[in-house]
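**Student:** File follows, structure34.cif with mmCIF, C-alpha atoms:
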data_upload
#
loop_
_atom_site.group_PDB
_atom_site.id
_atom_site.type_symbol
_atom_site.label_atom_id
_atom_site.label_comp_id
_atom_site.auth_asym_id
_atom_site.auth_seq_id
_atom_site.Cartn_x
_atom_site.Cartn_y
_atom_site.Cartn_z
ATOM 1 C CA MET O 608 0.000 0.000 0.000
ATOM 2 C CA THR O 609 1.289 3.432 -0.854
ATOM 3 C CA GLU O 610 1.640 5.977 1.891
ATOM 4 C CA LYS O 611 -1.026 8.616 1.684
ATOM 5 C CA GLU O 612 -2.046 11.287 4.087
ATOM 6 C CA ASN O 613 -5.397 9.669 4.729
ATOM 7 C CA VAL O 614 -3.969 6.264 5.539
ATOM 8 C CA LEU O 615 -3.238 5.344 9.122
ATOM 9 C CA PHE O 616 -0.533 2.730 9.397
ATOM 10 C CA ARG O 617 0.680 0.788 12.426
ATOM 11 C CA LYS O 618 3.072 -2.086 12.918
ATOM 12 C CA PHE O 619 3.013 -4.394 15.923
ATOM 13 C CA GLU O 620 5.343 -7.194 16.978
ATOM 14 C CA ILE O 621 3.914 -10.421 18.368
ATOM 15 C CA GLN O 622 6.034 -12.710 20.516
ATOM 16 C CA GLY O 623 5.395 -16.417 20.152
ATOM 17 C CA LYS O 624 4.503 -18.360 23.334
ATOM 18 C CA ASP O 625 3.794 -15.123 25.224
ATOM 19 C CA PHE O 626 0.225 -15.895 26.163
ATOM 20 C CA SER O 627 -0.144 -13.116 28.709
ATOM 21 C CA ARG O 628 0.115 -10.431 26.050
ATOM 22 C CA ALA O 629 -2.078 -12.104 23.445
ATOM 23 C CA GLY O 630 -4.946 -9.772 22.676
ATOM 24 C CA SER O 631 -3.153 -6.570 23.600
ATOM 25 C CA ILE O 632 -2.735 -5.591 19.938
ATOM 26 C CA SER O 633 -6.390 -6.291 19.308
ATOM 27 C CA SER O 634 -7.309 -4.010 22.222
ATOM 28 C CA LYS O 635 -5.032 -1.305 20.861
ATOM 29 C CA ILE O 636 -6.528 -1.524 17.368
ATOM 30 C CA LYS O 637 -10.011 -1.448 18.858
ATOM 31 C CA GLU O 638 -9.113 1.771 20.680
ATOM 32 C CA ILE O 639 -7.763 3.323 17.478
ATOM 33 C CA LEU O 640 -10.926 2.394 15.569
ATOM 34 C CA GLN O 641 -13.245 3.621 18.321
ATOM 35 C CA GLU O 642 -11.788 7.089 17.918
ATOM 36 C CA THR O 643 -12.694 7.179 14.235
ATOM 37 C CA GLY O 644 -16.460 6.740 14.401
ATOM 38 C CA ILE O 645 -16.441 3.492 12.398
ATOM 39 C CA SER O 646 -19.518 1.346 13.114
ATOM 40 C CA ASN O 647 -19.387 -0.858 16.186
ATOM 41 C CA SER O 648 -20.040 -4.019 14.243
ATOM 42 C CA ILE O 649 -17.007 -3.472 11.993
ATOM 43 C CA ILE O 650 -14.852 -2.629 15.005
ATOM 44 C CA ARG O 651 -16.002 -5.790 16.724
ATOM 45 C CA ARG O 652 -15.344 -7.987 13.691
ATOM 46 C CA THR O 653 -11.885 -6.456 13.308
ATOM 47 C CA ALA O 654 -11.112 -6.942 17.002
ATOM 48 C CA ILE O 655 -12.147 -10.614 16.936
ATOM 49 C CA ALA O 656 -10.139 -11.362 13.785
ATOM 50 C CA THR O 657 -7.094 -9.553 15.158
ATOM 51 C CA TYR O 658 -7.293 -11.447 18.426
ATOM 52 C CA GLU O 659 -7.580 -14.802 16.640
ATOM 53 C CA ALA O 660 -4.609 -13.897 14.453
ATOM 54 C CA GLU O 661 -2.559 -12.869 17.470
ATOM 55 C CA LEU O 662 -3.422 -16.122 19.239
ATOM 56 C CA ASN O 663 -2.336 -18.104 16.197
ATOM 57 C CA VAL O 664 1.106 -16.483 16.250
ATOM 58 C CA VAL O 665 1.411 -16.997 20.015
ATOM 59 C CA MET O 666 0.415 -20.669 19.807
ATOM 60 C CA TYR O 667 2.097 -21.783 16.607
ATOM 61 C CA ALA O 668 4.929 -19.426 15.652
ATOM 62 C CA ASP O 669 8.175 -18.100 17.094
ATOM 63 C CA LYS O 670 7.304 -14.498 16.357
ATOM 64 C CA GLY O 671 5.250 -12.396 14.026
ATOM 65 C CA ILE O 672 4.491 -8.912 12.817
ATOM 66 C CA LEU O 673 1.020 -7.480 12.442
ATOM 67 C CA TYR O 674 0.578 -4.643 9.979
ATOM 68 C CA PHE O 675 -2.547 -2.580 10.363
ATOM 69 C CA SER O 676 -3.782 0.062 7.971
ATOM 70 C CA LEU O 677 -6.892 2.145 7.859
ATOM 71 C CA ASP O 678 -7.961 4.173 4.854
ATOM 72 C CA PRO O 679 -11.311 5.812 4.086
ATOM 73 C CA ASP O 680 -12.619 2.622 2.455
ATOM 74 C CA SER O 681 -11.135 -0.267 4.375
ATOM 75 C CA ILE O 682 -9.235 -1.792 7.251
ATOM 76 C CA ARG O 683 -6.380 -4.067 6.244
ATOM 77 C CA LEU O 684 -4.469 -6.472 8.425
ATOM 78 C CA LYS O 685 -1.456 -8.465 7.409
ATOM 79 C CA ILE O 686 0.115 -10.911 9.810
ATOM 80 C CA ASP O 687 3.469 -12.366 8.900
ATOM 81 C CA ASP O 688 4.882 -14.998 11.169
ATOM 82 C CA LYS O 689 8.032 -17.015 11.367
ATOM 83 C CA GLY O 690 7.183 -20.493 12.463
ATOM 84 C CA LYS O 691 6.326 -23.990 11.400
ATOM 85 C CA GLY O 692 3.746 -22.976 8.812
ATOM 86 C CA ILE O 693 0.566 -24.801 7.840
ATOM 87 C CA LYS O 694 0.822 -28.069 5.925
ATOM 88 C CA ASP O 695 -2.725 -28.217 4.621
ATOM 89 C CA ILE O 696 -4.505 -24.856 4.566
ATOM 90 C CA SER O 697 -7.887 -26.242 3.498
ATOM 91 C CA LEU O 698 -7.804 -28.600 6.481
ATOM 92 C CA ALA O 699 -6.800 -25.756 8.815
ATOM 93 C CA MET O 700 -9.808 -23.777 7.563
ATOM 94 C CA LYS O 701 -12.177 -26.491 8.765
ATOM 95 C CA GLU O 702 -13.945 -25.857 12.039
ATOM 96 C CA GLY O 703 -12.645 -28.154 14.724
ATOM 97 C CA TYR O 704 -9.347 -29.030 13.078
ATOM 98 C CA SER O 705 -6.489 -28.123 15.358
ATOM 99 C CA THR O 706 -2.881 -29.011 16.044
ATOM 100 C CA ALA O 707 -2.840 -27.146 19.356
ATOM 101 C CA THR O 708 -1.086 -28.691 22.324
ATOM 102 C CA GLU O 709 -2.969 -29.863 25.386
ATOM 103 C CA GLU O 710 -1.487 -26.917 27.260
ATOM 104 C CA TYR O 711 -3.181 -24.395 24.981
ATOM 105 C CA ARG O 712 -6.462 -26.265 25.094
ATOM 106 C CA GLU O 713 -6.395 -26.087 28.878
ATOM 107 C CA MET O 714 -5.943 -22.343 28.519
ATOM 108 C CA GLY O 715 -9.236 -22.180 26.631
ATOM 109 C CA PHE O 716 -7.943 -22.092 23.070
ATOM 110 C CA GLY O 717 -6.894 -24.364 20.255
ATOM 111 C CA ALA O 718 -10.384 -25.623 19.429
ATOM 112 C CA GLY O 719 -9.809 -25.315 15.710
ATOM 113 C CA MET O 720 -12.042 -22.273 15.387
ATOM 114 C CA GLY O 721 -9.408 -19.602 14.771
ATOM 115 C CA LEU O 722 -9.010 -19.442 10.991
ATOM 116 C CA PRO O 723 -12.701 -20.214 10.296
ATOM 117 C CA ASN O 724 -13.658 -17.465 12.716
ATOM 118 C CA ILE O 725 -11.377 -14.967 10.985
ATOM 119 C CA LYS O 726 -13.006 -15.934 7.691
ATOM 120 C CA LYS O 727 -16.466 -15.497 9.191
ATOM 121 C CA ASN O 728 -15.695 -12.005 10.436
ATOM 122 C CA ALA O 729 -13.667 -10.679 7.494
ATOM 123 C CA ASP O 730 -14.855 -9.410 4.116
ATOM 124 C CA LYS O 731 -11.798 -10.936 2.458
ATOM 125 C CA PHE O 732 -9.327 -13.388 3.930
ATOM 126 C CA THR O 733 -6.327 -15.107 2.403
ATOM 127 C CA VAL O 734 -3.818 -17.477 3.946
ATOM 128 C CA SER O 735 -0.478 -18.401 2.475
ATOM 129 C CA SER O 736 2.060 -20.581 4.151
ATOM 130 C CA TYR O 737 5.393 -22.294 3.669
ATOM 131 C CA VAL O 738 6.032 -25.294 5.869
ATOM 132 C CA GLY O 739 9.037 -24.666 8.079
ATOM 133 C CA LYS O 740 9.099 -20.955 7.302
ATOM 134 C CA GLY O 741 5.884 -19.314 8.314
ATOM 135 C CA THR O 742 2.409 -18.127 7.524
ATOM 136 C CA THR O 743 0.913 -14.922 6.188
ATOM 137 C CA LEU O 744 -2.675 -13.899 6.800
ATOM 138 C CA GLU O 745 -4.264 -11.035 4.910
ATOM 139 C CA ILE O 746 -7.562 -9.796 6.263
ATOM 140 C CA LEU O 747 -9.702 -7.073 4.775
ATOM 141 C CA PHE O 748 -12.763 -5.251 6.078
ATOM 142 C CA TYR O 749 -14.754 -2.821 3.970
ATOM 143 C CA LEU O 750 -15.995 0.278 5.713
ATOM 144 C CA ASN O 751 -18.682 0.819 3.121
ATOM 145 C CA ASN O 752 -21.005 -2.189 3.350
ATOM 146 C CA SER O 753 -22.148 -2.013 -0.262
ATOM 147 C CA GLU O 754 -18.604 -2.882 -1.386
ATOM 148 C CA ALA O 755 -18.692 -6.067 0.623
ATOM 149 C CA LEU O 756 -21.527 -7.500 -1.409
ATOM 150 C CA MET M 516 -32.547 -9.141 34.565
ATOM 151 C CA THR M 517 -30.242 -6.695 36.314
ATOM 152 C CA LEU M 518 -26.747 -7.520 37.450
ATOM 153 C CA LYS M 519 -27.975 -6.986 40.988
ATOM 154 C CA GLU M 520 -30.608 -9.704 40.561
ATOM 155 C CA ILE M 521 -27.995 -12.025 39.060
ATOM 156 C CA ILE M 522 -25.694 -11.440 42.039
ATOM 157 C CA HIS M 523 -28.559 -12.321 44.382
ATOM 158 C CA LEU M 524 -29.580 -15.398 42.390
ATOM 159 C CA LEU M 525 -26.068 -16.809 42.151
ATOM 160 C CA GLN M 526 -25.153 -15.752 45.701
ATOM 161 C CA ALA M 527 -22.262 -14.076 43.999
ATOM 162 C CA GLU M 528 -19.632 -11.605 45.034
ATOM 163 C CA LEU M 529 -19.028 -8.595 42.806
ATOM 164 C CA ILE M 530 -15.315 -7.808 42.830
ATOM 165 C CA CYS M 531 -15.197 -5.015 40.264
ATOM 166 C CA GLY M 532 -17.431 -2.911 38.056
ATOM 167 C CA GLU M 533 -19.724 -1.818 40.925
ATOM 168 C CA SER M 534 -21.123 1.081 38.881
ATOM 169 C CA HIS M 535 -22.839 -1.429 36.557
ATOM 170 C CA ILE M 536 -24.912 -3.059 39.266
ATOM 171 C CA ASN M 537 -28.188 -1.807 37.809
ATOM 172 C CA ASP M 538 -27.298 -2.658 34.197
ATOM 173 C CA ASN M 539 -29.769 -4.890 32.434
ATOM 174 C CA ILE M 540 -28.554 -8.245 31.128
ATOM 175 C CA GLU M 541 -30.592 -9.765 28.303
ATOM 176 C CA PHE M 542 -28.853 -13.061 27.575
ATOM 177 C CA ALA M 543 -25.996 -15.260 28.701
ATOM 178 C CA GLY M 544 -23.628 -17.982 27.580
ATOM 179 C CA GLY M 545 -21.344 -20.360 29.421
ATOM 180 C CA SER M 546 -18.079 -21.904 28.257
ATOM 181 C CA ASP M 547 -14.546 -22.606 29.384
ATOM 182 C CA LEU M 548 -13.456 -22.625 25.790
ATOM 183 C CA MET M 549 -12.602 -19.120 24.659
ATOM 184 C CA SER M 550 -12.284 -20.313 21.051
ATOM 185 C CA ASP M 551 -16.009 -21.053 21.112
ATOM 186 C CA VAL M 552 -16.853 -17.847 22.922
ATOM 187 C CA LEU M 553 -15.044 -15.854 20.228
ATOM 188 C CA ALA M 554 -16.951 -17.694 17.533
ATOM 189 C CA PHE M 555 -20.481 -17.599 18.963
ATOM 190 C CA ALA M 556 -20.877 -14.794 21.483
ATOM 191 C CA LYS M 557 -22.871 -11.683 20.754
ATOM 192 C CA PRO M 558 -22.292 -8.191 22.153
ATOM 193 C CA GLY M 559 -23.891 -7.648 25.534
ATOM 194 C CA ILE M 560 -23.591 -11.279 26.642
ATOM 195 C CA LEU M 561 -23.165 -12.305 30.258
ATOM 196 C CA LEU M 562 -20.229 -14.702 30.085
ATOM 197 C CA LEU M 563 -20.094 -17.577 32.556
ATOM 198 C CA THR M 564 -16.779 -19.368 32.677
ATOM 199 C CA GLY M 565 -14.492 -21.463 34.814
ATOM 200 C CA LEU M 566 -11.400 -20.297 32.963
ATOM 201 C CA SER M 567 -9.513 -18.025 35.293
ATOM 202 C CA ASN M 568 -6.560 -16.848 33.197
ATOM 203 C CA SER M 569 -6.347 -13.294 31.920
ATOM 204 C CA GLN M 570 -7.443 -14.400 28.454
ATOM 205 C CA SER M 571 -10.964 -14.901 29.800
ATOM 206 C CA VAL M 572 -11.113 -11.169 30.515
ATOM 207 C CA ARG M 573 -9.407 -10.331 27.238
ATOM 208 C CA THR M 574 -11.961 -12.419 25.367
ATOM 209 C CA ALA M 575 -14.822 -10.765 27.259
ATOM 210 C CA ASP M 576 -13.474 -7.372 26.241
ATOM 211 C CA ILE M 577 -13.113 -8.350 22.583
ATOM 212 C CA ILE M 578 -16.630 -9.777 22.343
ATOM 213 C CA GLU M 579 -18.070 -6.871 24.360
ATOM 214 C CA ALA M 580 -19.466 -8.962 27.166
ATOM 215 C CA LYS M 581 -21.474 -7.039 29.742
ATOM 216 C CA ALA M 582 -20.034 -8.949 32.666
ATOM 217 C CA ILE M 583 -18.192 -12.142 33.581
ATOM 218 C CA VAL M 584 -19.316 -14.742 36.113
ATOM 219 C CA TYR M 585 -16.576 -17.076 37.337
ATOM 220 C CA VAL M 586 -18.181 -20.320 38.414
ATOM 221 C CA ARG M 587 -17.212 -23.107 40.841
ATOM 222 C CA GLY M 588 -15.275 -20.729 43.116
ATOM 223 C CA LYS M 589 -12.798 -19.585 40.474
ATOM 224 C CA LYS M 590 -11.471 -16.085 40.332
ATOM 225 C CA PRO M 591 -9.515 -14.228 37.665
ATOM 226 C CA ASP M 592 -5.742 -14.133 38.037
ATOM 227 C CA PRO M 593 -4.249 -10.752 39.109
ATOM 228 C CA GLU M 594 -3.518 -9.774 35.524
ATOM 229 C CA GLY M 595 -7.083 -10.565 34.486
ATOM 230 C CA LEU M 596 -8.527 -8.567 37.363
ATOM 231 C CA LYS M 597 -6.307 -5.610 36.478
ATOM 232 C CA LEU M 598 -7.530 -5.781 32.892
ATOM 233 C CA ALA M 599 -11.180 -6.031 33.978
ATOM 234 C CA LYS M 600 -10.778 -2.915 36.112
ATOM 235 C CA LYS M 601 -9.102 -1.069 33.256
ATOM 236 C CA LYS M 602 -11.814 -2.089 30.800
ATOM 237 C CA ASP M 603 -14.581 -1.556 33.360
ATOM 238 C CA ILE M 604 -15.980 -5.083 33.045
ATOM 239 C CA PRO M 605 -17.957 -6.262 36.101
ATOM 240 C CA ILE M 606 -16.757 -9.532 37.613
ATOM 241 C CA LEU M 607 -18.900 -11.860 39.695
ATOM 242 C CA LEU M 608 -17.689 -14.861 41.643
ATOM 243 C CA THR M 609 -20.001 -17.735 42.487
ATOM 244 C CA GLU M 610 -19.478 -21.076 44.175
ATOM 245 C CA PHE M 611 -22.083 -22.739 41.953
ATOM 246 C CA MET M 612 -20.865 -25.126 39.275
ATOM 247 C CA MET M 613 -21.326 -24.126 35.638
ATOM 248 C CA TYR M 614 -24.419 -26.260 35.077
ATOM 249 C CA THR M 615 -26.172 -25.039 38.199
ATOM 250 C CA ALA M 616 -25.294 -21.385 37.638
ATOM 251 C CA CYS M 617 -26.568 -21.527 34.045
ATOM 252 C CA GLY M 618 -29.664 -23.457 35.126
ATOM 253 C CA LEU M 619 -30.537 -20.930 37.808
ATOM 254 C CA LEU M 620 -30.272 -18.042 35.365
ATOM 255 C CA TYR M 621 -32.140 -19.856 32.603
ATOM 256 C CA SER M 622 -34.971 -20.898 34.908
ATOM 257 C CA HIS M 623 -35.360 -17.249 35.906
ATOM 258 C CA ASN M 624 -35.927 -16.316 32.274
ATOM 259 C CA LEU M 625 -32.450 -15.236 31.244
ATOM 260 C CA PRO M 626 -32.140 -16.820 27.774
ATOM 261 C CA GLY M 627 -29.047 -18.138 26.054
ATOM 262 C CA VAL M 628 -27.375 -16.672 22.983
ATOM 263 C CA TYR M 629 -29.550 -17.359 19.993
ATOM 264 C CA SER M 630 -28.051 -19.895 17.613
ATOM 265 C CA GLU M 631 -29.164 -21.824 14.543
ATOM 266 C CA SER M 632 -29.458 -25.054 16.513
ATOM 267 C CA ASP M 633 -31.902 -23.367 18.919
ATOM 268 C CA LYS M 634 -34.105 -22.583 15.952
ATOM 269 C CA LYS M 635 -34.398 -26.262 15.020
ATOM 270 C CA SER M 636 -35.470 -27.426 18.461
#
Turn the structure described in the file into structure tokens.
**Tutor:**
Amino acid sequence: MTEKENVLFRKFEIQGKDFSRAGSISSKIKEILQETGISNSIIRRTAIATYEAELNVVMYADKGILYFSLDPDSIRLKIDDKGKGIKDISLAMKEGYSTATEEYREMGFGAGMGLPNIKKNADKFTVSSYVGKGTTLEILFYLNNSEAL
Amino acid sequence: MTLKEIIHLLQAELICGESHINDNIEFAGGSDLMSDVLAFAKPGILLLTGLSNSQSVRTADIIEAKAIVYVRGKKPDPEGLKLAKKKDIPILLTEFMMYTACGLLYSHNLPGVYSESDKKS
């Protein structure tokens, strides 16, 4: 994305295995969006997708970067992680499929709902991954509902 | 049902968010699995959970829960409590088990979150 005056851009680092901070970026993005007057339902969908994406990095990767941008038409998130990657993306998109450890399940996560839930909340969602290298999620929300149809 | 009535019904202790005591709660949902909560909850939900880590509070904030009830004598960890205070989310503690707490609320006309499977039954 080109830098324009009416584009807000933020970059956040996510530390793998650091469960205590998971969700802090989502909270921060929610705060940013609440100051803009964007509708609550879009803010909520963005917050949920961001949180799920953060949790994925925490649970499955060594570290990641979340890029957030807001322009007059859309919210864009890109999450790049360095980690083990996803072997079969179509399988990972199925509700209930999970490779989470027992430890994460005991913490209330890893039910295999993460990627499907991002898809459910986003207007556009793409996943690309290289096994042994990492995963990239691109998530888009339209601010003007008519564009989402 | 107000938060005050819920506190009375569940013989609960309110440990933060006192200013919301007269807030009206319209529906509730119970789960220890935050993955499910993130996928199915609706804004304004009363969240009942036995998961006491700070992610339970974080999840409640993200889904815009009205309040959290920790069941079977659980309480949020210090980090979770700090977050709840910061986000102004009321927290209730009850000794009742999940099933009983949900049953008490449901039998006093506090419905669950609407879902497709409810429609079929």
**Student:** Which value, in Å to one decimal, gives the distance between atom CA of O:Glu702 and atom CA of O:Val665?
**Tutor:**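 Atom CA of O:Val665 lies 19.4 Å from atom CA of O:Glu702.
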**Student:** If I take atom CA of M:Thr615 and atom CA of M:Thr574, how far is one from the other in Å, to one decimal?
**Tutor:**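 These two atoms are separated by 22.9 Å.
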**Student:** Name the residues in contact with M:Ser550 at a cut-off of 7 Å, using all atoms listed in the file, excluding same-chain residues fewer than 6 positions from it; report them as a list in words.
**Tutor:**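 Near M:Ser550, the qualifying residues are Gly715, Phe716, Gly717, Ala718, Met720 and Gly721 of chain O.
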**Student:** Could you tell me which of O:Ala668, O:Ile621, O:Ile686, O:Ile650 comes closest to chain M if we count all atoms listed in the file?
**Tutor:**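 That would be O:Ile650, the residue with the smallest distance to chain M.
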**Student:** Using all atoms listed in the file, can you list as a PyMOL selection string the residues within 12 Å of (-16.5, -10.1, 13.4)?
**Tutor:** (chain O and resi 646-659+721+723-731+746-748) or (chain M and resi 553-558+577-579)
**Student:** Report the residues retrieved by the PyMOL selection byres ((chain O and resi 696) around 12) from the displayed file, expressed as a ChimeraX atom specification.
**Tutor:** /O:692-695,697-701,704-705,722-723,733-738,742-744
**Student:** Give the residues of chain M that lie within 12 Å of chain O; count all atoms listed in the file, and format the answer as a PyMOL selection string.
**Tutor:** chain M and resi 546-559+564-580+592-595+598+601-602
**Student:** Rounded to one decimal, what separation in Å do you get between atom CA of M:Ala616 and atom CA of M:Gln526?
**Tutor:** 9.8 Å
**Student:** Rebuild stretch 593-604 of chain M so that it carries N, CA and C atoms, then output the result as an mmCIF file, in the coordinates of the input.
**Tutor:**
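Output (out-v6.cif):
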data_model
loop_
_atom_site.group_PDB
_atom_site.id
_atom_site.type_symbol
_atom_site.label_atom_id
_atom_site.label_comp_id
_atom_site.auth_asym_id
_atom_site.auth_seq_id
_atom_site.Cartn_x
_atom_site.Cartn_y
_atom_site.Cartn_z
ATOM 1 N N PRO M 593 -4.451 -12.190 38.872
ATOM 2 C CA PRO M 593 -4.249 -10.752 39.109
ATOM 3 C C PRO M 593 -4.211 -9.931 37.813
ATOM 4 N N GLU M 594 -3.601 -10.488 36.802
ATOM 5 C CA GLU M 594 -3.518 -9.774 35.524
ATOM 6 C C GLU M 594 -4.907 -9.587 34.901
ATOM 7 N N GLY M 595 -5.719 -10.628 35.012
ATOM 8 C CA GLY M 595 -7.083 -10.565 34.486
ATOM 9 C C GLY M 595 -7.922 -9.540 35.231
ATOM 10 N N LEU M 596 -7.764 -9.518 36.544
ATOM 11 C CA LEU M 596 -8.527 -8.567 37.363
ATOM 12 C C LEU M 596 -8.127 -7.130 37.020
ATOM 13 N N LYS M 597 -6.826 -6.943 36.835
ATOM 14 C CA LYS M 597 -6.307 -5.610 36.478
ATOM 15 C C LYS M 597 -6.926 -5.155 35.150
ATOM 16 N N LEU M 598 -6.974 -6.089 34.210
ATOM 17 C CA LEU M 598 -7.530 -5.781 32.892
ATOM 18 C C LEU M 598 -9.029 -5.471 32.991
ATOM 19 N N ALA M 599 -9.733 -6.245 33.815
ATOM 20 C CA ALA M 599 -11.180 -6.031 33.978
ATOM 21 C C ALA M 599 -11.454 -4.649 34.562
ATOM 22 N N LYS M 600 -10.614 -4.243 35.506
ATOM 23 C CA LYS M 600 -10.778 -2.915 36.112
ATOM 24 C C LYS M 600 -10.511 -1.836 35.065
ATOM 25 N N LYS M 601 -9.465 -2.045 34.294
ATOM 26 C CA LYS M 601 -9.102 -1.069 33.256
ATOM 27 C C LYS M 601 -10.212 -0.951 32.204
ATOM 28 N N LYS M 602 -10.785 -2.088 31.844
ATOM 29 C CA LYS M 602 -11.814 -2.089 30.800
ATOM 30 C C LYS M 602 -13.224 -1.905 31.365
ATOM 31 N N ASP M 603 -13.302 -1.776 32.685
ATOM 32 C CA ASP M 603 -14.581 -1.556 33.360
ATOM 33 C C ASP M 603 -15.584 -2.687 33.063
ATOM 34 N N ILE M 604 -15.108 -3.914 33.230
ATOM 35 C CA ILE M 604 -15.980 -5.083 33.045
ATOM 36 C C ILE M 604 -16.317 -5.659 34.433
#
